[in-house]
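Chemist: Sharing a structure with you now.
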Protein chains: 2
Amino acid sequence: MSQHLNPAVIGEFRTIVGAAGLADTPEALAGFLAEWRGLYRGSATIALMPASTAEAAALVAICAREGIAVVPQGGNTGLVGGAVARSSPERPEVILSARRLRAVRAIDSDNDTITAESGCVLSELQGAAAAVDRLFPLSLAAEGSCQLGGNLSTNAGGTNVLRYGNTRNLVLGIEVVLADGRVYDGLRALRKDNTGYALRELFLGAEGTLGFITAATCRLFPRPRGVATAFVAVADPEAAVALHAAARRQLGEVLTAFELMSRYALELVLTAKPDARDPLDRPAPWYVLLETGGAETQTAAEQRLESFLDGQIQSDRVMDGVSCRSSSQRDALWSLRHEVSDAQRLAGASIKNDVAVPISAVPALIREGTDLVTRLVPGTRVVAFGHVGDGNIHFNLSKPPDMSDSRFLAQWEPLTVAVNDLVAKLGGTFSAEHGIGLLKTAELARFRGGVEIELMRRVKRALDPANLMNPGKLFGD
Amino acid sequence: MSQHLNPAVIGEFRTIVGAAGLADTPEALAGFLAEWRGLYRGSATIALMPASTAEAAALVAICAREGIAVVPQGGNTGLVGGAVARSSPERPEVILSARRLRAVRAIDSDNDTITAESGCVLSELQGAAAAVDRLFPLSLAAEGSCQLGGNLSTNAGGTNVLRYGNTRNLVLGIEVVLADGRVYDGLRALRKDNTGYALRELFLGAEGTLGFITAATCRLFPRPRGVATAFVAVADPEAAVALHAAARRQLGEVLTAFELMSRYALELVLTAKPDARDPLDRPAPWYVLLETGGAETQTAAEQRLESFLDGQIQSDRVMDGVSCRSSSQRDALWSLRHEVSDAQRLAGASIKNDVAVPISAVPALIREGTDLVTRLVPGTRVVAFGHVGDGNIHFNLSKPPDMSDSRFLAQWEPLTVAVNDLVAKLGGTFSAEHGIGLLKTAELARFRGGVEIELMRRVKRALDPANLMNPGKLFGD
């Protein structure tokens with residue numbers, strides 16, 4: 001492939017990182033350019049893999065000097081094209097991969113912190129925490145391959161947000177290579193530190209547009225000893241929200257998950273997975289999977305959850321329910337929830353909306369949203385499920401049974417615009433956890449326009465005046 | 001008093017806010033200019049009290065047009081001079097007070113959020129939450145007079161950080177009048193919202209240097225039902241840290257407070273307060289006040305804490321202890337902790353250090369810090385107490401018994417520099433919760449200098465290019 005870069009500059013890169021730190025053949029580059037949903041095809045003639053912060057800084061300094069743009073990349077598991085390079089001879093870009101920044105630099109079990117480099121795979125960090133009897137609570141579908149740096153740069157959410165917050169809440173300090181190649185060393189491990197602006201929070205979730213994060217100090221938590229799980233039937237989303245409020249009040253701090261799914265979503269899973277079983281005897285319109293975890297014993301946790309559910313059944317908020325008695329039962333219940341996305345493929349083409357609203361607006365979102373999309377495209381099937389405790393509903397749409405995939409997907413824009421407008425009317429957001437990347441830049445301008453995006457642009461110009469860090473992401477071209 | 005401002009401009013202000021919204025006599029201004037520790041004396045010829053966001057925006061727009069600096073002020077309870085005006089004919093400043101922005105705009109008990117204006121007194125917000133059976137967990141000594149806007153602008157800490165985090169962790173959305181008089185409406189009530197930079201976090205803790213916060217949407221929590229409190233003796237700070245780790249592991253999510261104090265600190269309180277009693281029969285070198293709070297019943301909470309402490313006594317980590325059986329006993333234990341600051345006055349002049357280190361470094365801070373200050377000023381008495389769970393120790397110094405106040409206070413700088421240098425060596429911070437204001441600008445430049453303060457200056461210039469918002473705070477003149 002023809003290089004977009006000056007050979008002398010490539011020589012400088014090679015001097016810094018060595019042969020193991022540089023990919024410039026089509027074969028070696030393939031993994032950096034693929035985008036797993038197939039929405040984008042990356043373009044770059046080189047990927048750089050520094051093995052230390054100093055190497056990363058030296059590379060970025062050269063890029064800054066030469067006006068070469070830098071596309072940070074972690075595990076490349078993002079959903080919005082945030083790590084996609086778009087190099088061209090006129091506007092060269094290099095991929096800066098964290099994959100060789102793999103050190104766990106320190107674990108302090110008295111301070112409950114771990115300091116790790118940004119190329120660590122999330123599941124490795126979970127394991128490192130478990131090895132000292134601690135929990136690193138960040139957990140999401142891609143945890144076996146996504147990297148800490150990507151989690152940090154996207155402020156990743158996942159299944160434990162209800163209890164532990166998003167990634168921003170889990171981080172005490174970061175180390176960043178800035179757009180000019182200097183290093184911001186903010187690797188503090190402090191729970192209180194009121195010394196100026198929230199620089200850390202600014203780099204977290206910036207999708208690589210302000211710098212390249214090389215390491216972070218993250219909070220660890222006690223590992224839950226007693227975990228209790230139940231799968232219950234409710235009449236409608238209103239009942240689910242009322243059940244959530246009751247669970248917050250009566251189970252309080254031990255509530256770790258509160259997941260909603262519709263009967264239709266469950267049926268998709270039951271059809272798709274031959275070994276999946278309906279946990280309840282009779283069908284019900286909606287289901288909630290709820291879980292508690294905490295310091296009390298397993299027996300105490302189970303008793304507390306059952307006693308709570310007995311009360312909810314007596315007050316008619318819950319129609320029916322089952323709580324699990326073994327970890328295999330627990331896995332079976334969770335797999336019903338986790339398989340929804342996959343199972344939805346059975347129903348043909350789909351349009352996915354990663355939206356969040358205030359918890360109190362979840363029923364309105366589902367009811368009004370269903371009316372809206374079935375008016376626009378009669379027969380559209382709504383596959384609604386998600387994290388009620390975070391107000392984060394995957395409001396996914398499957399094509400009408402008798403419509404072709406392509407005809408349905410041609411309605412992508414009007415359906416998405418309609419859903420996002422409804423979400424905005426309800427005080428919600430068009431991107432709960434996936435971020436903006438390349439995919440949602442128009443929506444960012446539409447819903448965060450005016451003063452808000454201007455403030456973001458000012459911050460961007462202040463920290464990266466030459467627009468070298470991940471150009472085009474967030475703001476568009 | 002002679003005005004620093006053009007009478008026509010004052011007329012414009014008056015047209016916007018009316019007579020009730022403008023103070024320009026020495027009597028009316030007195031409360032805005034006083035600084036309660038007496039470290040500063042404010043100077044201003046006018047204070048403006050808008051009654052709405054629109055009024056605040058109109059006032060700031062005039063200031064921007066005229067080049068008049070704006071000093072935001074809440075309850076004026078800060079400890080570092082962050083709300084002190086320094087107006088002069090050459091560089092006029094107006095005080096912009098939030099005190100008439102008093103509305104609680106909304107409470108959503110299904111979403112567990114409250115939206116309130118920045119002039120609300122903290123205790124009013126606590127009360128508004130309690131009225132709907134919820135907890136607004138921010139709690140600090142000044143809660144009867146400090147205002148939400150000040151809490152937000154200083155990222156206030158307080159006694160519930162261990163469980164609920166600092167103010168930044170409690171806020172989902174904010175509304176801000178920017179330096180040019182426009183309004184940033186970021187009043188979203190969402191737990192997941194990945195749509196661009198962390199603007200909210202940037203304004204929170206910015207000490208009024210980036211804008212004037214007019215309202216916020218804050219998270220509410222379930223009110224704890226069972227609260228258990230104990231006062232235990234430990235041999236040394238190492239034992240306290242080990243006890244904290246055991247409490248995190250065994251009590252987990254219900255641990256709400258873990259406060260350390262030395263025997264000397266307790267003795268000061270016992271001497272100062274005639275009705276205070278030593279809770280234990282025999283003196284011990286160090287004490288920990290620990291508390292749990294959660295959804296379980298009062299009886300269950302007490303049993304769990306006692307069972308935990310029995311185990312700790314058997315393993316010799318705890319020497320002795322008492323748990324309380326009534327709310328009056330609980331109040332008595334807490335007052336021992338709360339009275340330390342006041343009681344320290346008995347020991348004469350004091351120098352206070354609001355520092356934090358990693359929890360694991362708390363013993364080294366106390367041991368090395370004591371060596372250091374007694375070497376510098378022999379006879380100095382260390383009054384160490386604070387929030388071990390946050391690593392936040394009030395490392396306060398009382399003069400040697402035979403030294404005059406003024407001779408001791410003349411050592412303020414070398415003692416503070418030595419303590420802060422030690423804290424930095426231990427990976428800590430010279431300002432855990434009080435902020436920078438005017439008092440600690442030199443320390444900010446010393447410890448956050450180089451790249452870090454340059455990033456902050458760039459952000460400041462990007463959002464307030466004319467340096468009109470609270471000039472001189474954070475960065476110095």
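FYI, nothing fancy with the structure tokens labels: chains A, B, ... in order, residues from 1 per chain, ligands from 1 as they appear.
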Could you give me the residues within region 4-246 of chain A that DSSP places in strand (DSSP E or B), as a PyMOL selection string?
Modeler: chain A and resi 22-23+43+47-48+69-73+86+93-97+104-108+113-117+121+134-135+147+171-178+183-186+211-219+221-222+226-234
Chemist: Please run DSSP on the backbone and report, as a list in words, all residues within region 65-191 of chain A that come out as helix (DSSP H, G or I).
Modeler: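 Listing helix (DSSP H, G or I) positions across region 65-191 of chain A yields Arg65, Glu66, Leu122, Ser123, Glu124, Leu125, Gln126, Gly127, Ala128, Ala129, Ala130, Ala131, Leu148, Gly149, Gly150, Asn151, Leu152, Ser153, Val161, Leu162, Arg163, Tyr164, Thr167, Arg168, Asn169 and Leu170 of chain A.
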Chemist: Within 8 Å of Asp405 (chain A), counting only C-alpha atoms, which residues qualify if same-chain residues fewer than 5 places away don't, as a ChimeraX atom specification?
Modeler: /A:348-349,399
Chemist: Could you build a table of the residues in chain B lying no more than 6 Å from chain A, giving for each the nearest pair of atoms and their separation in Å rounded to one decimal place, using only C-alpha atoms, ordered by chain and ascending residue number, as a tab-separated table?
Modeler:
```
residue	atom	partner	partner_atom	distance
B:Asp110	CA	A:Ser360	CA	5.2
B:Asn111	CA	A:Ile359	CA	4.8
B:Ala189	CA	A:Pro358	CA	5.9
B:Leu190	CA	A:Pro358	CA	5.6
B:Arg191	CA	A:Asp390	CA	5.4
B:Lys192	CA	A:Ala432	CA	4.9
B:Asp193	CA	A:Ala432	CA	4.4
B:Asn194	CA	A:Gly435	CA	4.9
B:Thr195	CA	A:Gly435	CA	5.9
B:Tyr197	CA	A:Ala206	CA	5.6
B:Ala198	CA	A:Leu202	CA	5.2
B:Leu202	CA	A:Ala198	CA	5.2
B:Ala206	CA	A:Tyr197	CA	5.6
B:Pro222	CA	A:Arg249	CA	5.3
B:Ala245	CA	A:Asp110	CA	6.0
B:Arg249	CA	A:Pro222	CA	5.3
B:Gln250	CA	A:Ala295	CA	5.7
B:Leu251	CA	A:Ala295	CA	5.6
B:Gly252	CA	A:Ala295	CA	5.2
B:Ala295	CA	A:Gly252	CA	5.2
B:Pro358	CA	A:Leu190	CA	5.6
B:Ile359	CA	A:Asn111	CA	4.8
B:Ser360	CA	A:Asp110	CA	5.1
B:Asp390	CA	A:Arg191	CA	5.4
B:Ser431	CA	A:Asn194	CA	5.7
B:Ala432	CA	A:Asp193	CA	4.4
B:Glu433	CA	A:Asn194	CA	5.3
B:Gly435	CA	A:Asn194	CA	4.9
B:Arg458	CA	A:Ala462	CA	5.5
B:Ala462	CA	A:Arg458	CA	5.5
```
Chemist: Those selected residues, please, written with N, CA, C and O atoms and delivered as a compact mmCIF listing (two decimals), in the first residue's frame.
Modeler:
```txt
# COMPACT_ATOMS: atom_id res chain seq x y z
N ASP B 110 -39.65 8.98 41.65
CA ASP B 110 -39.36 7.74 40.92
C ASP B 110 -37.95 7.76 40.33
O ASP B 110 -37.29 6.73 40.22
N ASN B 111 -37.52 8.95 39.93
CA ASN B 111 -36.16 9.08 39.38
C ASN B 111 -35.14 9.37 40.47
O ASN B 111 -33.95 9.40 40.21
N ALA B 189 -31.48 14.97 33.94
CA ALA B 189 -31.66 14.14 35.15
C ALA B 189 -31.37 12.69 34.82
O ALA B 189 -32.12 11.80 35.16
N LEU B 190 -30.24 12.47 34.14
CA LEU B 190 -29.93 11.16 33.57
C LEU B 190 -28.73 10.52 34.25
O LEU B 190 -27.76 11.20 34.56
N ARG B 191 -28.79 9.22 34.44
CA ARG B 191 -27.68 8.48 35.03
C ARG B 191 -26.70 7.97 33.99
O ARG B 191 -25.61 7.53 34.31
N LYS B 192 -27.10 7.98 32.75
CA LYS B 192 -26.20 7.63 31.65
C LYS B 192 -26.42 8.64 30.54
O LYS B 192 -27.55 8.79 30.07
N ASP B 193 -25.38 9.27 30.08
CA ASP B 193 -25.52 10.27 29.03
C ASP B 193 -24.14 10.54 28.44
O ASP B 193 -23.44 11.43 28.88
N ASN B 194 -23.77 9.74 27.44
CA ASN B 194 -22.44 9.90 26.85
C ASN B 194 -22.53 10.72 25.57
O ASN B 194 -22.46 10.20 24.46
N THR B 195 -22.68 12.03 25.76
CA THR B 195 -22.83 12.92 24.62
C THR B 195 -21.84 14.08 24.73
O THR B 195 -22.22 15.23 24.94
N TYR B 197 -18.13 16.12 25.97
CA TYR B 197 -17.23 16.39 27.10
C TYR B 197 -17.99 16.57 28.42
O TYR B 197 -19.16 16.97 28.44
N ALA B 198 -17.27 16.36 29.50
CA ALA B 198 -17.82 16.46 30.85
C ALA B 198 -17.91 17.93 31.28
O ALA B 198 -17.23 18.37 32.21
N LEU B 202 -16.75 20.08 34.84
CA LEU B 202 -15.83 21.20 34.71
C LEU B 202 -16.31 22.41 35.52
O LEU B 202 -15.52 23.06 36.21
N ALA B 206 -15.18 24.52 40.10
CA ALA B 206 -14.39 25.57 39.45
C ALA B 206 -14.34 26.86 40.27
O ALA B 206 -13.73 27.84 39.85
N PRO B 222 -32.23 6.36 49.05
CA PRO B 222 -33.14 5.88 50.09
C PRO B 222 -32.64 6.36 51.45
O PRO B 222 -31.43 6.45 51.68
N ALA B 245 -10.03 -1.67 56.50
CA ALA B 245 -10.05 -2.68 55.42
C ALA B 245 -10.99 -3.83 55.80
O ALA B 245 -11.77 -4.31 54.96
N ARG B 249 -14.59 -4.97 53.97
CA ARG B 249 -14.79 -6.33 53.49
C ARG B 249 -16.03 -6.95 54.12
O ARG B 249 -16.83 -7.57 53.45
N GLN B 250 -16.19 -6.76 55.43
CA GLN B 250 -17.25 -7.48 56.14
C GLN B 250 -18.55 -6.70 56.25
O GLN B 250 -19.62 -7.29 56.34
N LEU B 251 -18.46 -5.38 56.31
CA LEU B 251 -19.69 -4.58 56.38
C LEU B 251 -20.06 -4.04 55.01
O LEU B 251 -21.21 -3.71 54.74
N GLY B 252 -19.03 -3.88 54.18
CA GLY B 252 -19.25 -3.53 52.78
C GLY B 252 -20.03 -2.25 52.60
O GLY B 252 -19.70 -1.19 53.15
N ALA B 295 -30.59 -0.39 54.50
CA ALA B 295 -32.00 -0.75 54.36
C ALA B 295 -32.43 -1.79 55.38
O ALA B 295 -33.63 -2.03 55.55
N PRO B 358 -3.50 8.59 50.06
CA PRO B 358 -4.11 7.26 49.95
C PRO B 358 -4.33 6.68 51.34
O PRO B 358 -3.51 6.92 52.25
N ILE B 359 -5.40 5.93 51.53
CA ILE B 359 -5.73 5.41 52.86
C ILE B 359 -4.54 4.65 53.45
O ILE B 359 -4.25 4.76 54.64
N SER B 360 -3.84 3.92 52.60
CA SER B 360 -2.70 3.14 53.06
C SER B 360 -1.57 4.01 53.59
O SER B 360 -0.70 3.52 54.31
N ASP B 390 -11.76 8.25 53.59
CA ASP B 390 -11.46 9.12 52.44
C ASP B 390 -9.98 9.45 52.37
O ASP B 390 -9.56 10.21 51.49
N SER B 431 -5.01 20.11 49.46
CA SER B 431 -6.38 20.59 49.68
C SER B 431 -7.36 19.47 49.37
O SER B 431 -7.66 19.21 48.21
N ALA B 432 -7.83 18.82 50.40
CA ALA B 432 -8.72 17.67 50.21
C ALA B 432 -10.13 18.12 49.87
O ALA B 432 -10.73 17.66 48.93
N GLU B 433 -10.66 19.07 50.68
CA GLU B 433 -12.04 19.47 50.42
C GLU B 433 -12.27 20.97 50.42
O GLU B 433 -13.28 21.42 49.92
N GLY B 435 -10.64 23.47 48.85
CA GLY B 435 -10.41 24.20 47.61
C GLY B 435 -9.21 25.13 47.69
O GLY B 435 -8.39 25.05 48.62
N ARG B 458 -5.62 27.08 30.17
CA ARG B 458 -6.19 27.04 28.81
C ARG B 458 -7.71 26.90 28.86
O ARG B 458 -8.42 27.52 28.06
N ALA B 462 -10.39 29.61 27.50
CA ALA B 462 -11.36 29.18 26.51
C ALA B 462 -12.78 29.56 26.92
O ALA B 462 -13.61 29.92 26.08
```
Chemist: Pick out the residues sitting within 10 Å of region 57-67 of chain B, and hand them over as a ChimeraX atom specification; count only C-alpha atoms, and ignore anything fewer than 5 positions along from it in its own chain.
Modeler: /B:5-6,9-10,12-14,16-17,48-50,52,91-94,96,176-183,211-212,214,464,466-469
Chemist: Report, in Å with one decimal, the straight-line distance from CA of Leu280 (chain B) to CA of Met319 (chain B).
Modeler: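 CA of Leu280 (chain B) sits 10.5 Å away from CA of Met319 (chain B).
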